[in-house]
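Text of the file query-v5.tsv, holding TSV, C-alpha atoms:
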chain	number	residue	atom	x	y	z
C	217	MET	CA	92.99	53.10	41.44
C	218	ASN	CA	94.29	56.54	40.48
C	219	LYS	CA	94.68	59.75	42.44
C	220	VAL	CA	91.59	61.47	41.11
C	221	PHE	CA	89.71	62.59	44.20
C	222	ASN	CA	85.98	63.22	44.54
C	223	ASP	CA	85.26	66.60	46.14
C	224	GLU	CA	82.00	65.26	47.64
C	225	THR	CA	83.91	62.85	49.86
C	226	LEU	CA	85.48	65.67	51.87
C	227	LYS	CA	82.08	66.85	53.10
C	228	LEU	CA	81.11	63.23	53.76
C	229	ALA	CA	84.23	62.79	55.91
C	230	ARG	CA	83.54	66.05	57.76
C	231	ASN	CA	79.93	65.07	58.48
C	232	TYR	CA	81.04	61.60	59.56
C	233	LEU	CA	83.23	63.26	62.20
C	234	GLY	CA	80.44	65.65	63.17
C	235	LEU	CA	82.59	68.74	62.64
C	236	SER	CA	81.74	72.21	61.39
C	237	GLN	CA	83.77	73.58	58.48
C	238	LYS	CA	85.64	75.79	60.95
C	239	ASP	CA	86.57	72.92	63.29
C	240	PHE	CA	87.41	70.62	60.37
C	241	ALA	CA	89.67	73.26	58.84
C	242	SER	CA	91.40	73.79	62.19
C	243	ARG	CA	91.99	70.07	62.53
C	244	LEU	CA	93.58	69.96	59.06
C	245	SER	CA	95.52	73.22	59.58
C	246	VAL	CA	93.92	74.90	56.57
C	247	SER	CA	91.49	77.77	56.13
C	248	GLN	CA	87.74	77.39	56.42
C	249	ALA	CA	87.47	79.10	53.02
C	250	LEU	CA	89.45	76.25	51.44
C	251	ILE	CA	87.15	73.60	52.93
C	252	SER	CA	84.10	75.56	51.75
C	253	ASN	CA	85.47	75.95	48.23
C	254	ILE	CA	86.31	72.25	47.93
C	255	GLU	CA	82.87	71.23	49.15
C	256	LYS	CA	81.32	73.56	46.56
C	257	SER	CA	83.65	72.13	43.86
C	258	ARG	CA	85.25	75.53	43.34
C	259	LYS	CA	88.64	74.05	44.19
C	260	PRO	CA	89.87	70.47	43.81
C	261	LEU	CA	90.48	68.11	46.69
C	262	THR	CA	94.24	67.68	46.85
C	263	GLU	CA	96.47	64.77	47.84
C	264	GLU	CA	97.95	66.95	50.59
C	265	LEU	CA	94.57	67.04	52.37
C	266	VAL	CA	93.79	63.40	51.65
C	267	VAL	CA	97.06	62.27	53.23
C	268	LYS	CA	96.03	63.96	56.50
C	269	LEU	CA	92.81	61.88	56.59
C	270	LYS	CA	94.02	58.66	54.98
C	271	ASN	CA	94.73	56.71	58.17
C	272	GLU	CA	91.30	57.49	59.55
C	273	PHE	CA	89.21	56.94	56.41
C	274	GLY	CA	91.21	54.50	54.30
C	275	ASN	CA	93.36	54.43	51.19
C	276	TYR	CA	90.59	55.02	48.66
C	277	PHE	CA	87.76	56.70	50.60
C	278	PHE	CA	88.36	59.94	48.71
C	279	ASN	CA	88.50	58.25	45.28
C	280	GLN	CA	85.01	56.76	45.37
C	281	ASN	CA	81.86	58.03	43.73
C	282	ILE	CA	79.01	58.59	46.15
C	283	GLU	CA	75.77	56.83	45.23
C	284	GLU	CA	72.80	58.71	46.65
C	285	PRO	CA	70.07	56.30	47.83
C	286	LEU	CA	66.55	56.81	46.55
C	287	LEU	CA	65.29	58.13	49.82
C	288	LYS	CA	61.90	59.73	50.39
C	289	VAL	CA	61.76	59.66	54.19
C	290	TYR	CA	65.18	59.87	55.86
C	291	TYR	CA	63.98	59.49	59.42
C	292	ARG	CA	61.35	60.93	61.68
C	293	ALA	CA	62.74	64.43	61.36
C	294	SER	CA	62.32	66.86	64.22
C	295	ALA	CA	63.19	70.51	64.60
C	296	THR	CA	64.56	69.68	68.06
C	297	ILE	CA	67.36	67.49	66.65
C	298	ALA	CA	70.64	69.33	66.18
C	299	LYS	CA	71.93	69.35	62.61
C	300	LYS	CA	75.19	67.87	63.87
C	301	PHE	CA	73.42	64.63	64.73
C	302	THR	CA	71.47	64.42	61.48
C	303	ASP	CA	74.74	64.98	59.61
C	304	LEU	CA	76.43	62.22	61.63
C	305	PHE	CA	73.61	59.81	60.83
C	306	GLU	CA	73.25	60.72	57.15
C	307	ALA	CA	77.01	60.34	56.61
C	308	ARG	CA	76.84	56.77	57.89
C	309	LEU	CA	73.71	56.12	55.87
C	310	LYS	CA	75.43	57.28	52.66
C	311	ILE	CA	78.49	55.13	53.36
C	312	ILE	CA	76.33	52.05	53.95
C	313	ALA	CA	74.31	52.73	50.79
C	314	ASN	CA	77.50	53.18	48.80
C	315	ASN	CA	78.99	49.97	50.22
C	316	ILE	CA	75.86	47.98	49.43
C	317	ASN	CA	75.97	49.28	45.87
C	318	SER	CA	79.58	48.06	45.62
C	319	LEU	CA	78.75	44.68	47.13
C	320	LEU	CA	75.94	44.18	44.62
C	321	GLU	CA	78.58	44.33	41.89
C	322	LEU	CA	80.16	41.20	43.36
C	323	VAL	CA	77.30	39.10	44.74
C	324	GLU	CA	73.81	38.20	43.61
C	325	ILE	CA	71.12	38.11	46.26
C	326	GLN	CA	67.49	37.07	46.36
C	327	ASP	CA	65.29	38.93	43.89
C	328	ASN	CA	63.46	41.89	45.35
C	329	ARG	CA	59.88	40.71	45.89
C	330	ILE	CA	58.65	43.70	47.88
C	331	PRO	CA	55.63	45.06	45.99
C	332	LYS	CA	55.36	48.76	45.19
C	333	LYS	CA	51.90	50.21	45.68
C	334	ASP	CA	50.30	53.62	45.37
C	335	LEU	CA	48.16	54.05	48.47
C	336	GLU	CA	45.79	56.28	46.53
C	337	ASP	CA	44.77	53.16	44.60
C	338	PHE	CA	43.53	51.85	47.95
C	339	GLU	CA	41.68	55.06	48.88
C	340	LEU	CA	44.54	55.89	51.29
C	341	ASP	CA	43.54	52.93	53.45
C	342	ALA	CA	46.89	51.71	54.83
C	343	GLU	CA	45.12	49.17	57.03
C	344	TYR	CA	43.52	47.48	54.04
C	345	LEU	CA	46.84	47.45	52.17
C	346	ALA	CA	48.56	45.85	55.18
C	347	ARG	CA	46.07	42.98	55.06
C	348	GLU	CA	46.71	42.61	51.32
C	349	ILE	CA	50.45	42.41	51.94
C	350	ARG	CA	49.92	39.81	54.66
C	351	GLU	CA	48.07	37.70	52.08
C	352	TYR	CA	50.85	38.33	49.56
C	353	PHE	CA	53.35	36.85	52.03
C	354	GLY	CA	51.00	33.99	52.91
C	355	LEU	CA	50.65	35.01	56.56
C	356	GLY	CA	46.89	34.62	56.89
C	357	ASN	CA	45.76	35.60	60.39
C	358	SER	CA	48.78	34.12	62.16
C	359	PRO	CA	51.58	35.99	63.96
C	360	ILE	CA	54.76	36.67	62.02
C	361	LYS	CA	57.30	34.18	63.36
C	362	ASP	CA	60.42	35.98	62.13
C	363	LEU	CA	60.00	39.28	60.29
C	364	VAL	CA	63.74	39.73	59.70
C	365	ARG	CA	64.01	36.39	57.88
C	366	LEU	CA	60.77	36.99	55.98
C	367	LEU	CA	62.08	40.28	54.61
C	368	GLU	CA	65.57	38.96	53.87
C	369	ARG	CA	64.12	36.00	51.96
C	370	ASN	CA	62.24	38.52	49.84
C	371	GLY	CA	65.31	40.56	48.95
C	372	VAL	CA	65.43	43.22	51.69
C	373	ILE	CA	68.87	44.06	53.09
C	374	ILE	CA	68.62	44.82	56.83
C	375	HIS	CA	71.25	46.29	59.12
C	376	PHE	CA	70.95	46.90	62.87
C	377	PHE	CA	73.20	49.88	63.59
C	378	GLU	CA	74.59	50.94	66.95
C	379	TYR	CA	76.12	54.40	67.15
C	380	ASP	CA	77.18	56.22	70.32
C	381	PHE	CA	75.41	59.46	69.39
C	382	ILE	CA	72.00	57.76	69.04
C	383	SER	CA	70.27	56.61	72.22
C	384	SER	CA	67.54	54.03	72.66
C	385	GLN	CA	65.06	56.82	73.46
C	386	ASN	CA	65.56	59.02	70.39
C	387	LYS	CA	62.70	57.80	68.24
C	388	SER	CA	63.71	60.10	65.40
C	389	PHE	CA	66.47	57.61	64.59
C	390	ASP	CA	64.60	54.33	65.16
C	391	GLY	CA	64.86	53.33	61.52
C	392	VAL	CA	65.19	54.37	57.92
C	393	SER	CA	64.52	52.71	54.57
C	394	PHE	CA	65.56	53.35	50.98
C	395	TYR	CA	66.28	51.75	47.62
C	396	ILE	CA	69.79	51.50	46.21
C	397	SER	CA	70.20	50.06	42.69
C	398	GLY	CA	66.60	48.86	42.97
C	399	VAL	CA	67.29	46.89	46.16
C	400	PRO	CA	65.29	47.72	49.32
C	401	VAL	CA	67.30	48.47	52.46
C	402	ILE	CA	66.15	48.92	56.06
C	403	LEU	CA	68.40	50.24	58.84
C	404	ILE	CA	67.25	49.84	62.46
C	405	ASN	CA	68.64	51.20	65.75
C	406	ASN	CA	69.95	48.13	67.57
C	407	LYS	CA	69.57	49.85	70.97
C	408	ILE	CA	65.77	49.87	70.96
C	409	GLN	CA	63.68	47.10	72.50
C	410	GLY	CA	62.68	44.08	70.47
C	411	ALA	CA	59.00	44.98	70.21
C	412	ARG	CA	59.94	48.43	68.95
C	413	LYS	CA	62.37	46.86	66.45
C	414	MET	CA	59.53	44.68	65.16
C	415	PHE	CA	57.21	47.67	64.77
C	416	THR	CA	59.93	49.79	63.14
C	417	LEU	CA	60.73	47.02	60.64
C	418	ALA	CA	57.05	46.88	59.67
C	419	HIS	CA	56.88	50.70	59.62
C	420	GLU	CA	59.82	50.90	57.21
C	421	LEU	CA	58.36	48.07	55.11
C	422	GLY	CA	55.28	50.27	54.79
C	423	HIS	CA	57.44	53.14	53.55
C	424	LEU	CA	59.15	50.86	51.00
C	425	ILE	CA	55.80	49.67	49.69
C	426	MET	CA	53.80	52.91	49.81
C	427	HIS	CA	56.18	55.86	49.70
C	428	ASN	CA	59.89	55.46	48.98
C	429	HIS	CA	59.53	54.39	45.35
C	430	ILE	CA	57.02	57.03	44.25
C	431	ASP	CA	58.32	59.88	42.13
C	432	PHE	CA	55.53	62.38	42.66
C	433	ILE	CA	55.03	64.81	45.54
C	434	PHE	CA	52.45	63.81	48.12
C	435	GLU	CA	49.50	66.04	48.85
C	436	LYS	CA	50.14	68.43	51.74
C	437	ASP	CA	47.55	66.76	53.94
C	438	ARG	CA	49.17	63.32	53.59
C	439	ASP	CA	50.88	62.17	56.78
C	440	THR	CA	53.19	59.43	55.51
C	441	GLU	CA	54.48	58.65	59.02
C	442	LYS	CA	50.94	58.04	60.24
C	443	GLU	CA	50.23	55.89	57.17
C	444	ALA	CA	53.32	53.79	57.88
C	445	ASN	CA	52.30	53.42	61.55
C	446	ILE	CA	48.80	52.26	60.58
C	447	PHE	CA	50.31	49.83	58.07
C	448	ALA	CA	52.77	48.45	60.66
C	449	SER	CA	50.16	47.92	63.35
C	450	GLU	CA	47.79	46.05	61.04
C	451	PHE	CA	50.58	44.10	59.34
C	452	ILE	CA	51.89	42.77	62.65
C	453	ALA	CA	48.54	42.09	64.31
C	454	PRO	CA	45.44	42.35	62.09
C	455	LYS	CA	42.27	43.48	63.81
C	456	ARG	CA	40.24	40.58	62.43
C	457	ALA	CA	42.52	38.19	64.35
C	458	LEU	CA	42.17	40.20	67.56
C	459	ARG	CA	38.38	40.26	67.76
C	460	GLY	CA	37.33	39.23	71.27
C	461	GLU	CA	40.89	39.44	72.63
C	462	PHE	CA	40.34	42.77	74.39
C	463	SER	CA	37.33	41.76	76.47
C	464	ARG	CA	37.97	41.42	80.21
C	465	LEU	CA	41.41	42.90	79.68
C	466	THR	CA	44.08	42.39	82.34
C	467	ILE	CA	47.78	43.25	82.50
C	468	GLU	CA	48.60	39.55	82.31
C	469	LYS	CA	46.49	39.21	79.16
C	470	LEU	CA	48.13	42.26	77.56
C	471	PHE	CA	51.62	40.85	78.07
C	472	SER	CA	50.46	37.46	76.84
C	473	LEU	CA	49.17	39.12	73.65
C	474	LYS	CA	52.47	40.99	73.35
C	475	SER	CA	54.41	37.72	73.47
C	476	TYR	CA	52.10	36.07	70.93
C	477	TRP	CA	51.81	38.89	68.37
C	478	LYS	CA	55.23	40.54	69.00
C	479	LEU	CA	53.55	43.92	69.37
C	480	SER	CA	54.22	46.26	72.30
C	481	VAL	CA	51.60	46.70	75.01
C	482	SER	CA	51.26	50.39	74.12
C	483	ALA	CA	50.55	49.48	70.48
C	484	LEU	CA	48.09	46.77	71.54
C	485	LEU	CA	46.26	49.24	73.76
C	486	TYR	CA	45.97	51.66	70.88
C	487	LYS	CA	44.40	48.90	68.79
C	488	ALA	CA	42.07	48.09	71.69
C	489	LYS	CA	41.05	51.75	71.79
C	490	GLU	CA	40.16	51.59	68.09
C	491	MET	CA	38.20	48.35	68.53
C	492	THR	CA	36.57	48.13	71.98
C	493	LEU	CA	37.89	50.43	74.71
C	494	SER	CA	36.09	53.67	75.50
C	495	PRO	CA	38.21	56.86	75.73
C	496	ASP	CA	37.96	56.73	79.53
C	497	GLN	CA	39.01	53.09	79.67
C	498	TYR	CA	41.94	53.80	77.37
C	499	ARG	CA	43.11	56.74	79.53
C	500	ARG	CA	42.93	54.60	82.67
C	501	TRP	CA	45.03	51.90	81.03
C	502	ILE	CA	47.61	54.41	79.82
C	503	THR	CA	47.88	55.86	83.34
C	504	ARG	CA	48.21	52.38	84.84
C	505	LEU	CA	50.99	51.44	82.43
C	506	ALA	CA	52.83	54.78	82.62
C	507	PRO	CA	55.77	53.26	84.58
C	508	TYR	CA	56.45	50.98	81.59
C	509	ARG	CA	56.42	53.74	78.98
C	510	ARG	CA	60.19	53.91	78.48
C	511	HIS	CA	61.02	50.26	79.02
C	512	GLU	CA	58.35	47.59	78.73
C	513	PRO	CA	59.00	44.30	80.55
C	514	TYR	CA	58.78	40.89	78.85
C	515	ASP	CA	60.47	42.01	75.67
C	516	ILE	CA	60.44	39.85	72.54
C	517	ASP	CA	63.39	38.39	70.65
C	518	VAL	CA	64.15	39.67	67.16
C	519	SER	CA	66.57	37.78	64.94
C	520	SER	CA	69.84	39.43	63.93
C	521	PRO	CA	70.08	40.22	60.20
C	522	LEU	CA	72.17	37.79	58.16
C	523	LEU	CA	71.94	38.81	54.53
C	524	LEU	CA	74.28	41.80	54.60
C	525	ARG	CA	76.80	39.87	56.68
C	526	ARG	CA	76.74	37.02	54.15
C	527	MET	CA	77.18	39.50	51.30
C	528	ILE	CA	80.25	40.93	53.01
C	529	GLU	CA	81.72	37.47	53.66
C	530	VAL	CA	81.17	36.26	50.09
C	531	ALA	CA	82.52	39.47	48.56
C	532	GLU	CA	85.59	39.45	50.80
C	533	ASN	CA	86.49	35.99	49.51
C	534	ASP	CA	87.02	37.52	46.06
C	535	PHE	CA	90.03	39.45	47.35
C	536	ASN	CA	93.51	38.38	48.42
C	537	SER	CA	93.28	40.09	51.79
C	538	LYS	CA	90.97	41.97	54.13
C	539	ASN	CA	92.85	45.19	53.36
C	540	GLU	CA	92.32	44.74	49.63
C	541	PHE	CA	88.60	44.23	50.25
C	542	LEU	CA	88.42	47.36	52.42
C	543	ASP	CA	90.19	49.32	49.68
C	544	TYR	CA	87.45	48.17	47.31
C	545	LEU	CA	84.80	49.47	49.72
C	546	GLY	CA	86.78	52.68	50.24
C	547	LEU	CA	86.93	52.22	54.02
C	548	SER	CA	89.57	51.96	56.70
C	549	ASN	CA	89.36	49.00	59.07
C	550	GLU	CA	88.30	51.42	61.82
C	551	LEU	CA	85.39	52.77	59.78
C	552	PHE	CA	84.31	49.28	58.73
C	553	ASN	CA	84.21	48.07	62.33
C	554	GLU	CA	82.37	51.16	63.55
C	555	ILE	CA	79.69	50.87	60.88
C	556	TYR	CA	79.25	47.08	60.70
C	557	SER	CA	80.39	45.67	64.06
C	558	VAL	CA	76.82	44.74	65.04
C	559	ASN	CA	76.73	42.31	62.14
C	560	GLN	CA	79.84	40.38	63.28
C	561	ILE	CA	77.84	37.32	64.33
C	562	ASP	CA	78.46	33.59	64.42
C	563	ASP	CA	75.02	32.39	63.33
C	564	LYS	CA	75.59	30.04	60.38
C	565	THR	CA	72.04	30.04	59.03
C	566	LYS	CA	72.36	29.93	55.25
C	567	LEU	CA	70.75	32.35	52.85
C	568	ARG	CA	70.92	31.95	49.08
C	569	ILE	CA	73.65	34.20	47.76
C	570	VAL	CA	74.74	33.38	44.22
C	571	ILE	CA	78.07	34.73	42.95

Could you show the structure in this file as structure tokens?
Amino acid sequence: MNKVFNDETLKLARNYLGLSQKDFASRLSVSQALISNIEKSRKPLTEELVVKLKNEFGNYFFNQNIEEPLLKVYYRASATIAKKFTDLFEARLKIIANNINSLLELVEIQDNRIPKKDLEDFELDAEYLAREIREYFGLGNSPIKDLVRLLERNGVIIHFFEYDFISSQNKSFDGVSFYISGVPVILINNKIQGARKMFTLAHELGHLIMHNHIDFIFEKDRDTEKEANIFASEFIAPKRALRGEFSRLTIEKLFSLKSYWKLSVSALLYKAKEMTLSPDQYRRWITRLAPYRRHEPYDIDVSSPLLLRRMIEVAENDFNSKNEFLDYLGLSNELFNEIYSVNQIDDKTKLRIVI
């Protein structure tokens, strides 16, 4: 690798650290104007600056090209979220997308079998489309035993991230999905409860199918987040399979249904409201279950992702050392561990990865 540096990587490094241009410049003992000019490609990124960041980011972080993921919905954006935190998250997202793109040069994974649909072809009925996708996967009216494995077998790369600046309660960062080199990717906050993980996986699957691949602008009155929520709820637990389940409802029955369908009690109650409960009955149930709003008991288990971990292991075997592999990814060991430590697992379940 040569010493031609990519100006874009300086801003990526700054955002990864969560620093303003002023603070970043102070840390590097240079002027803010210099940082600004490099980020705007008015001045080149020099080896002198790279040397100051090399230990933290790796030997070749600043040599790499940055592949932008095809991303239509970054996360559940909110005006109340400080830009610092969105920058921190997006920097990690870009690094993961770039690494996946590099890994795909070395390993062959399952073909992408996630269908791409235009919801307008289904009269904007996300519920109907969810039932169609259940049939496509051969699920019938049965619960989904293992959504992570189902998606991975169909070519979706999944990563459960765990970053200090994102809490379990910040729903704006529950999950994100995108395509990189035509491969679907879903990232999920590992801190959230299992039932919420399940729903977020299905929510992001809905985005991959209905939204993230489409090149036109949606109509202003389209609420893509609501569409993905409707899709997720019906995909996990179709209404036709729940008929009669909400009669003579008790707390014990709700938690039994949660265990069976892997859908949170709050989501089940919302479905019950749509099917059988009156508005007054629904309000009473919500009040009764208010103590469980932040942390529902009797959580469900969700499998840890394996595909990305296997890709990393197979790719690493192509190199003489771990350091050589990290140089290929353009990461320091510290960055690699911070981004991928959740995937350091011992589960030996095999997935088909062909070199």

So that I can see what lies close to range 494-499 of chain C, please list as a PDB file with C-alpha atoms, in the coordinates of the input the residues with an atom at most 12 Å from it, counting all atoms listed in the file and leaving out residues fewer than 4 positions away in the same chain.
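Saved file out09.pdb follows:
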ATOM      1  CA  PHE C 462      40.340  42.770  74.390  1.00  0.00           C
ATOM      2  CA  SER C 463      37.330  41.760  76.470  1.00  0.00           C
ATOM      3  CA  ARG C 464      37.970  41.420  80.210  1.00  0.00           C
ATOM      4  CA  LEU C 465      41.410  42.900  79.680  1.00  0.00           C
ATOM      5  CA  SER C 482      51.260  50.390  74.120  1.00  0.00           C
ATOM      6  CA  ALA C 483      50.550  49.480  70.480  1.00  0.00           C
ATOM      7  CA  LEU C 484      48.090  46.770  71.540  1.00  0.00           C
ATOM      8  CA  LEU C 485      46.260  49.240  73.760  1.00  0.00           C
ATOM      9  CA  TYR C 486      45.970  51.660  70.880  1.00  0.00           C
ATOM     10  CA  LYS C 487      44.400  48.900  68.790  1.00  0.00           C
ATOM     11  CA  ALA C 488      42.070  48.090  71.690  1.00  0.00           C
ATOM     12  CA  LYS C 489      41.050  51.750  71.790  1.00  0.00           C
ATOM     13  CA  GLU C 490      40.160  51.590  68.090  1.00  0.00           C
ATOM     14  CA  THR C 503      47.880  55.860  83.340  1.00  0.00           C
ATOM     15  CA  ARG C 504      48.210  52.380  84.840  1.00  0.00           C
ATOM     16  CA  LEU C 505      50.990  51.440  82.430  1.00  0.00           C
ATOM     17  CA  ALA C 506      52.830  54.780  82.620  1.00  0.00           C
TER      18      ALA C 506
END

For this session: Would you mind listing what lies within 8 Å of Met414 in chain C as a PyMOL selection string, with only C-alpha atoms counted and same-chain residues fewer than 2 positions away left out?
Result: chain C and resi 363+410-412+416-418+478-479+518

Write out as an mmCIF file with C-alpha atoms, in the frame of the given file which residues come within 8 Å of range 261-265 of chain C when counting only C-alpha atoms, dropping same-chain ones fewer than 6 positions away.
data_model
loop_
_atom_site.group_PDB
_atom_site.id
_atom_site.type_symbol
_atom_site.label_atom_id
_atom_site.label_comp_id
_atom_site.auth_asym_id
_atom_site.auth_seq_id
_atom_site.Cartn_x
_atom_site.Cartn_y
_atom_site.Cartn_z
ATOM 1 C CA LYS C 219 94.680 59.750 42.440
ATOM 2 C CA PHE C 221 89.710 62.590 44.200
ATOM 3 C CA ASN C 222 85.980 63.220 44.540
ATOM 4 C CA ASP C 223 85.260 66.600 46.140
ATOM 5 C CA LEU C 226 85.480 65.670 51.870
ATOM 6 C CA LEU C 244 93.580 69.960 59.060
ATOM 7 C CA ILE C 254 86.310 72.250 47.930
#

For this session: List the neighbours of Glu336 in chain C out to 12 Å using only C-alpha atoms; skip same-chain residues closer than 2 positions along the sequence, and give me the result as a list in words.
Result: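 Selected residues are Lys333, Asp334, Phe338, Glu339, Leu340, Asp341, Ala342, Tyr344, Leu345, Met426, His427, Ile430, Phe434, Glu435, Arg438 and Glu443 of chain C.
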
For this session: Measure the distance from CA of Ile555 in chain C to CA of Ala313 in chain C in Å and round it to one decimal.
Result: 11.6 Å

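The smallest atom-to-atom distance between Ser397 in chain C and any of C:Ala457, C:Ile382, C:Ala298, C:Ile316, using all atoms listed in the file, is found for C:Ile316.
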
Problem set entry | Distance query Arg329 in chain C at most 10 Å, only C-alpha atoms, self and fewer than 3 positions along chain excluded, as a list in words | Gln326, Lys332, Phe353, Leu367, Glu368, Arg369, Asn370, Gly371, Val372, Val399 and Pro400 of chain C

Could you give me the axis-aligned bounding box of range 242-258 of chain C, with 3 Å of padding per side, as centre plus edge lengths in Å to one decimal, as JSON?
{"center_x": 88.4, "center_y": 74.5, "center_z": 52.9, "size_x": 20.2, "size_y": 15.1, "size_z": 25.2}

For this session: Measure the distance from CA of Phe447 in chain C to CA of Phe389 in chain C in Å and round it to one decimal.
Result: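 Computing it gives 19.1 Å between the two atoms.
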
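In this model, the gap between CA of Asp543 in chain C and CA of Val323 in chain C comes to 17.2 Å.
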